[in-house]
Amino acid sequence: MKRLIFSFLAYCLLTSAWAQNVTVSGYYKTDGDGDGVPDVRDKCPDTDKNLNGQEFKIEVRGKEMFVKIVDLKGNFENRRRRLLVDISRLDKEKRKIVDEAGGKTDRLDAGQQSRLAEIDTLVAQKKNLLINLCYEAEVIVDGQKEIVEIFIGVDPFGCLPDRDGDGIPDLVDKCPDHPGIRLYFGCNDRDGDTVLDHEDDCPDEPGLVRLKGCPDKGEGDRDGDGTKDKDDVCPDVPGPKDNKGCPKITSKVQDDIIQAASKVLFDSGKSTLRPESTQILDKLVDVILELAAKYKKLSIRLEGHTDTDGTNESNLLLSRNRAQAVKTYIEQALEGKNVEVSISAAGYGEERLKVSPEYGSAGKQANRRVEITIAN
């Protein structure tokens with residue numbers, strides 16, 4: 001099995017004084033994220049969590065591919081253990097050679113002296129590898145398995161370069177010069193239409209994938225279900241209007257929970273969920289898990305709406321932020337549940353009032369909502 005070294009040369013040449021003096025045992029005692037920097041001086045103690053699940057692009061034999069990082073800390077630990085075992089084995093061989101000469105190196109013949117020099121070189125190389133952390137990824141190239149080593153360049157304080165300051169290290173940031181979010185690998189989707197901003201021809205207006213993120217301005221209805229394509233979450237599959245043109249896959253009880261969840265409460269002018277909203281959202285998560293177990297793959301659409309207080313521009317942004325708040329809550333609740341659920345979020349401000357004209361606080365509250373559609 002060939003071993004390819006894929007690294008950032010500038011980082012690989014960088015060996016700081018602090019790293020040279022760290023004892024081998026220090027790597028295991030107080031290093032929570034396994035990046036080789038003790039917790040007492042680590043300013044970024046979650047390197048493993050920030051990189052796990054992320055992807056980086058590599059090139060092997062002229063072919064570009066993306067590799068997903070899985071269990072970074074465990075990967076580091078396995079590599080270190082192998083290196084330590086190798087170092088121990090070489091040290092034992094060296095001691096044996098010297099002991100056989102009665103502890104006197106001047107009695108060694110030329111072959112033994114050459115072997116000792118070779119052992120010292122190998123040990124120095126392996127100790128250097130302990131300092132320069134690499135992630136070992138298994139890839140398939142031309143039908144053959146290969147191990148690719150990717151250098152993880154933390155600085156002396158355990159942090160990775162992040163030039164746009166979005167918390168996604170440049171190593172795995174697909175948009176390293178524009179702040180984004182982890183879900184989209186450092187990119188963003190301002191309008192919540194699932195087309196990332198750098199690929200979206202209309203990044204501030206929710207649209208369709210087939211139109212590169214721009215909305216369908218026409219009045220077409222491809223599936224003939226009575227819901228115009230521009231409003232139809234499932235434009236190629238007929239479904240009832242009250243489910244935004246998607247086939248119903250929920251029971252009456254589940255529908256009631258979804259409807260209740262669409263009325264989650266926000267304070268006026270804010271996008272932070274009020275405490276009483278989390279209880280109903282937890283019930284919604286249970287519904288999602290039930291449906292995911294039945295249908296395997298789900299698509300969820302969240303659409304934020306506001307009342308007419310404030311300007312059109314501020315309400316549009318507020319509605320997007322509210323939909324995103326619900327999206328984030330659901331995603332965090334589904335973490336580790338091993339379900340295939342895609343969630344998109346968009347905001348329409350005061351464009352689609354449910355109660356018009358608004359009468360009093362009750363009408364305004366009814367318009368402050370996040371409509372939820374679940375399809376398979």
# chains A, B, ... in the order shown; residues from 1 in each chain; ligands from 1
>>> residues_around(residues="range 296-302 of chain A", least_positions_apart="2", cutoff="6 Å", atoms="only C-alpha atoms", output="list in words")
Ala292, Ala293, Lys294, Ala323, Glu340, Val341, Ser342, Ile343, Ser344, Ala345, Glu371, Ile372, Thr373, Ile374, Ala375 and Asn376 of chain A
>>> write_last_selection(atoms="N, CA and C atoms", output="compact mmCIF listing (two decimals), in the first residue's frame")
# COMPACT_ATOMS: atom_id res chain seq x y z
N ALA A 292 -39.02 9.76 9.71
CA ALA A 292 -37.73 9.34 9.13
C ALA A 292 -37.57 7.83 9.24
N ALA A 293 -38.05 7.26 10.33
CA ALA A 293 -37.97 5.80 10.49
C ALA A 293 -38.86 5.09 9.47
N LYS A 294 -39.94 5.76 9.07
CA LYS A 294 -40.88 5.14 8.13
C LYS A 294 -40.48 5.36 6.68
N ALA A 323 -36.87 31.72 10.71
CA ALA A 323 -36.88 30.39 10.09
C ALA A 323 -35.57 29.67 10.37
N GLU A 340 -31.68 10.73 7.73
CA GLU A 340 -31.39 11.51 6.52
C GLU A 340 -32.50 12.54 6.33
N VAL A 341 -32.24 13.73 6.80
CA VAL A 341 -33.23 14.82 6.75
C VAL A 341 -32.55 16.07 6.20
N SER A 342 -33.09 16.60 5.12
CA SER A 342 -32.59 17.87 4.59
C SER A 342 -33.58 18.97 4.96
N ILE A 343 -33.07 20.09 5.45
CA ILE A 343 -33.93 21.18 5.92
C ILE A 343 -33.53 22.47 5.20
N SER A 344 -34.50 23.11 4.59
CA SER A 344 -34.27 24.42 3.99
C SER A 344 -35.12 25.45 4.71
N ALA A 345 -34.60 26.68 4.76
CA ALA A 345 -35.31 27.74 5.47
C ALA A 345 -35.30 29.01 4.63
N GLU A 371 -43.99 28.57 8.90
CA GLU A 371 -44.76 27.47 8.30
C GLU A 371 -43.82 26.29 7.99
N ILE A 372 -44.33 25.09 8.25
CA ILE A 372 -43.52 23.88 8.16
C ILE A 372 -44.15 22.88 7.20
N THR A 373 -43.38 22.43 6.25
CA THR A 373 -43.84 21.40 5.31
C THR A 373 -42.86 20.22 5.35
N ILE A 374 -43.39 19.02 5.50
CA ILE A 374 -42.54 17.81 5.55
C ILE A 374 -42.94 16.91 4.39
N ALA A 375 -41.96 16.51 3.60
CA ALA A 375 -42.23 15.63 2.44
C ALA A 375 -41.17 14.54 2.40
N ASN A 376 -41.48 13.46 1.67
CA ASN A 376 -40.49 12.39 1.49
C ASN A 376 -40.15 12.26 0.04
>>> select_by_dssp(residues="range 44-164 of chain A", states="strand (DSSP E)", output="list in words")
Glu55, Phe56, Lys57, Ile58, Glu59, Val60, Lys63, Glu64, Met65, Phe66, Val67, Lys68, Cys134, Tyr135, Glu136, Ala137, Glu138, Val139, Ile140, Val141, Gln144, Lys145, Glu146, Ile147, Val148, Glu149, Ile150 and Phe151 of chain A
>>> residues_around(residues="range 75-77 of chain A", least_positions_apart="2", cutoff="10 Å", atoms="only C-alpha atoms", output="mmCIF file with N, CA and C atoms, in the first residue's frame")
data_model
loop_
_atom_site.group_PDB
_atom_site.id
_atom_site.type_symbol
_atom_site.label_atom_id
_atom_site.label_comp_id
_atom_site.auth_asym_id
_atom_site.auth_seq_id
_atom_site.Cartn_x
_atom_site.Cartn_y
_atom_site.Cartn_z
ATOM 1 N N TYR A 27 1.423 14.289 25.240
ATOM 2 C CA TYR A 27 0.401 14.259 24.207
ATOM 3 C C TYR A 27 -0.873 13.602 24.712
ATOM 4 N N TYR A 28 -0.753 12.730 25.685
ATOM 5 C CA TYR A 28 -1.910 11.920 26.085
ATOM 6 C C TYR A 28 -2.561 12.385 27.377
ATOM 7 N N ASP A 33 -8.530 17.551 22.659
ATOM 8 C CA ASP A 33 -8.917 17.402 21.257
ATOM 9 C C ASP A 33 -7.880 16.647 20.430
ATOM 10 N N GLY A 34 -6.776 16.222 21.088
ATOM 11 C CA GLY A 34 -5.800 15.380 20.405
ATOM 12 C C GLY A 34 -4.961 16.075 19.368
ATOM 13 N N ASP A 35 -4.860 17.415 19.435
ATOM 14 C CA ASP A 35 -4.120 18.134 18.395
ATOM 15 C C ASP A 35 -2.647 18.344 18.732
ATOM 16 N N GLY A 36 -2.199 17.766 19.862
ATOM 17 C CA GLY A 36 -0.798 17.870 20.231
ATOM 18 C C GLY A 36 -0.474 19.071 21.086
ATOM 19 N N ASP A 48 -10.936 18.882 17.096
ATOM 20 C CA ASP A 48 -11.527 17.646 16.557
ATOM 21 C C ASP A 48 -12.996 17.834 16.230
ATOM 22 N N ILE A 69 -13.631 14.023 6.978
ATOM 23 C CA ILE A 69 -12.899 13.753 8.218
ATOM 24 C C ILE A 69 -13.817 13.030 9.198
ATOM 25 N N VAL A 70 -13.361 11.900 9.689
ATOM 26 C CA VAL A 70 -14.125 11.096 10.648
ATOM 27 C C VAL A 70 -13.231 10.784 11.845
ATOM 28 N N ASP A 71 -13.684 11.098 13.041
ATOM 29 C CA ASP A 71 -12.966 10.788 14.290
ATOM 30 C C ASP A 71 -11.516 11.257 14.218
ATOM 31 N N LEU A 72 -11.327 12.566 14.121
ATOM 32 C CA LEU A 72 -9.987 13.133 13.993
ATOM 33 C C LEU A 72 -9.085 12.732 15.160
ATOM 34 N N LYS A 73 -9.601 12.848 16.375
ATOM 35 C CA LYS A 73 -8.781 12.547 17.545
ATOM 36 C C LYS A 73 -8.360 11.077 17.542
ATOM 37 N N ARG A 79 -2.367 6.845 14.949
ATOM 38 C CA ARG A 79 -1.105 7.154 14.289
ATOM 39 C C ARG A 79 0.016 7.296 15.317
ATOM 40 N N ARG A 80 -0.270 8.006 16.411
ATOM 41 C CA ARG A 80 0.743 8.200 17.448
ATOM 42 C C ARG A 80 1.172 6.879 18.070
ATOM 43 N N ARG A 81 0.186 6.034 18.353
ATOM 44 C CA ARG A 81 0.523 4.744 18.970
ATOM 45 C C ARG A 81 1.457 3.936 18.079
ATOM 46 N N ARG A 82 1.176 3.927 16.782
ATOM 47 C CA ARG A 82 2.039 3.187 15.863
ATOM 48 C C ARG A 82 3.454 3.763 15.859
ATOM 49 N N LEU A 83 3.535 5.106 15.870
ATOM 50 C CA LEU A 83 4.850 5.741 15.880
ATOM 51 C C LEU A 83 5.597 5.437 17.180
ATOM 52 N N LEU A 130 5.567 12.813 15.197
ATOM 53 C CA LEU A 130 4.703 12.984 16.366
ATOM 54 C C LEU A 130 4.313 14.444 16.536
ATOM 55 N N LEU A 133 1.325 16.762 13.096
ATOM 56 C CA LEU A 133 0.139 15.911 13.037
ATOM 57 C C LEU A 133 -0.394 15.759 11.616
ATOM 58 N N CYS A 134 -0.699 14.527 11.265
ATOM 59 C CA CYS A 134 -1.318 14.254 9.967
ATOM 60 C C CYS A 134 -2.557 13.394 10.160
ATOM 61 N N TYR A 135 -3.570 13.692 9.383
ATOM 62 C CA TYR A 135 -4.774 12.854 9.347
ATOM 63 C C TYR A 135 -4.590 11.833 8.227
ATOM 64 N N GLU A 136 -4.803 10.575 8.524
ATOM 65 C CA GLU A 136 -4.638 9.520 7.536
ATOM 66 C C GLU A 136 -5.996 9.137 6.963
ATOM 67 N N ALA A 137 -6.176 9.391 5.678
ATOM 68 C CA ALA A 137 -7.444 9.087 5.012
ATOM 69 C C ALA A 137 -7.231 7.979 3.984
#
>>> closest_residue(among="A:Glu59, A:Asp307, A:Asp225, A:Glu100", to="Lys364 in chain A", atoms="only C-alpha atoms")
A:Asp307
>>> closest_residue(among="A:Asp201, A:Glu146, A:Glu303, A:Asp232", to="Gly220 in chain A", atoms="only C-alpha atoms")
A:Asp232
>>> closest_atom_pairs(of="range 186-302 of chain A", to="range 170-181 of chain A", cutoff="9 Å", atoms="only C-alpha atoms", output="JSON lines")
{"residue": "A:Gly186", "atom": "CA", "partner": "A:Gly180", "partner_atom": "CA", "distance": 4.3}
{"residue": "A:Cys187", "atom": "CA", "partner": "A:Gly180", "partner_atom": "CA", "distance": 4.2}
{"residue": "A:Asn188", "atom": "CA", "partner": "A:Gly180", "partner_atom": "CA", "distance": 4.6}
{"residue": "A:Asp189", "atom": "CA", "partner": "A:Gly180", "partner_atom": "CA", "distance": 8.2}
{"residue": "A:His198", "atom": "CA", "partner": "A:Cys175", "partner_atom": "CA", "distance": 8.1}
>>> write_last_selection(atoms="C-alpha atoms", output="PDB file, in the first residue's frame")
ATOM      1  CA  GLY A 186     -18.118  27.424   5.535  1.00  0.00           C
ATOM      2  CA  CYS A 187     -20.396  28.768   2.803  1.00  0.00           C
ATOM      3  CA  ASN A 188     -23.767  30.457   3.241  1.00  0.00           C
ATOM      4  CA  ASP A 189     -27.342  30.352   1.986  1.00  0.00           C
ATOM      5  CA  HIS A 198     -21.581  31.296  -4.344  1.00  0.00           C
TER       6      HIS A 198
END
>>> select_by_dssp(residues="range 48-222 of chain A", states="alpha helix (DSSP H)", output="PyMOL selection string")
chain A and resi 48-51+72-100+110-131
>>> closest_residue(among="A:Val85, A:Leu211, A:Val148, A:Ile131", to="Phe66 in chain A", atoms="only C-alpha atoms")
A:Val148
>>> closest_residue(among="A:Asp164, A:Glu335, A:Asp255, A:Asp31", to="Gly53 in chain A", atoms="only C-alpha atoms")
A:Glu335
>>> closest_atom_pairs(of="range 236-332 of chain A", to="range 354-361 of chain A", cutoff="10 Å", atoms="only C-alpha atoms", output="CSV")
residue,atom,partner,partner_atom,distance
A:His305,CA,A:Lys354,CA,9.0
A:Thr306,CA,A:Lys354,CA,9.6
A:Asp307,CA,A:Glu358,CA,8.1
A:Thr308,CA,A:Glu358,CA,8.2
>>> closest_residue(among="A:Glu290, A:Glu93, A:Glu351, A:Glu331", to="Gly304 in chain A", atoms="only C-alpha atoms")
A:Glu351
>>> closest_residue(among="A:Lys63, A:Val209, A:Tyr295, A:Val237", to="Ile140 in chain A", atoms="only C-alpha atoms")
A:Lys63
>>> atom_distance(atom1="CA of Leu273 in chain A", atom2="CA of Tyr329 in chain A")
9.2 Å
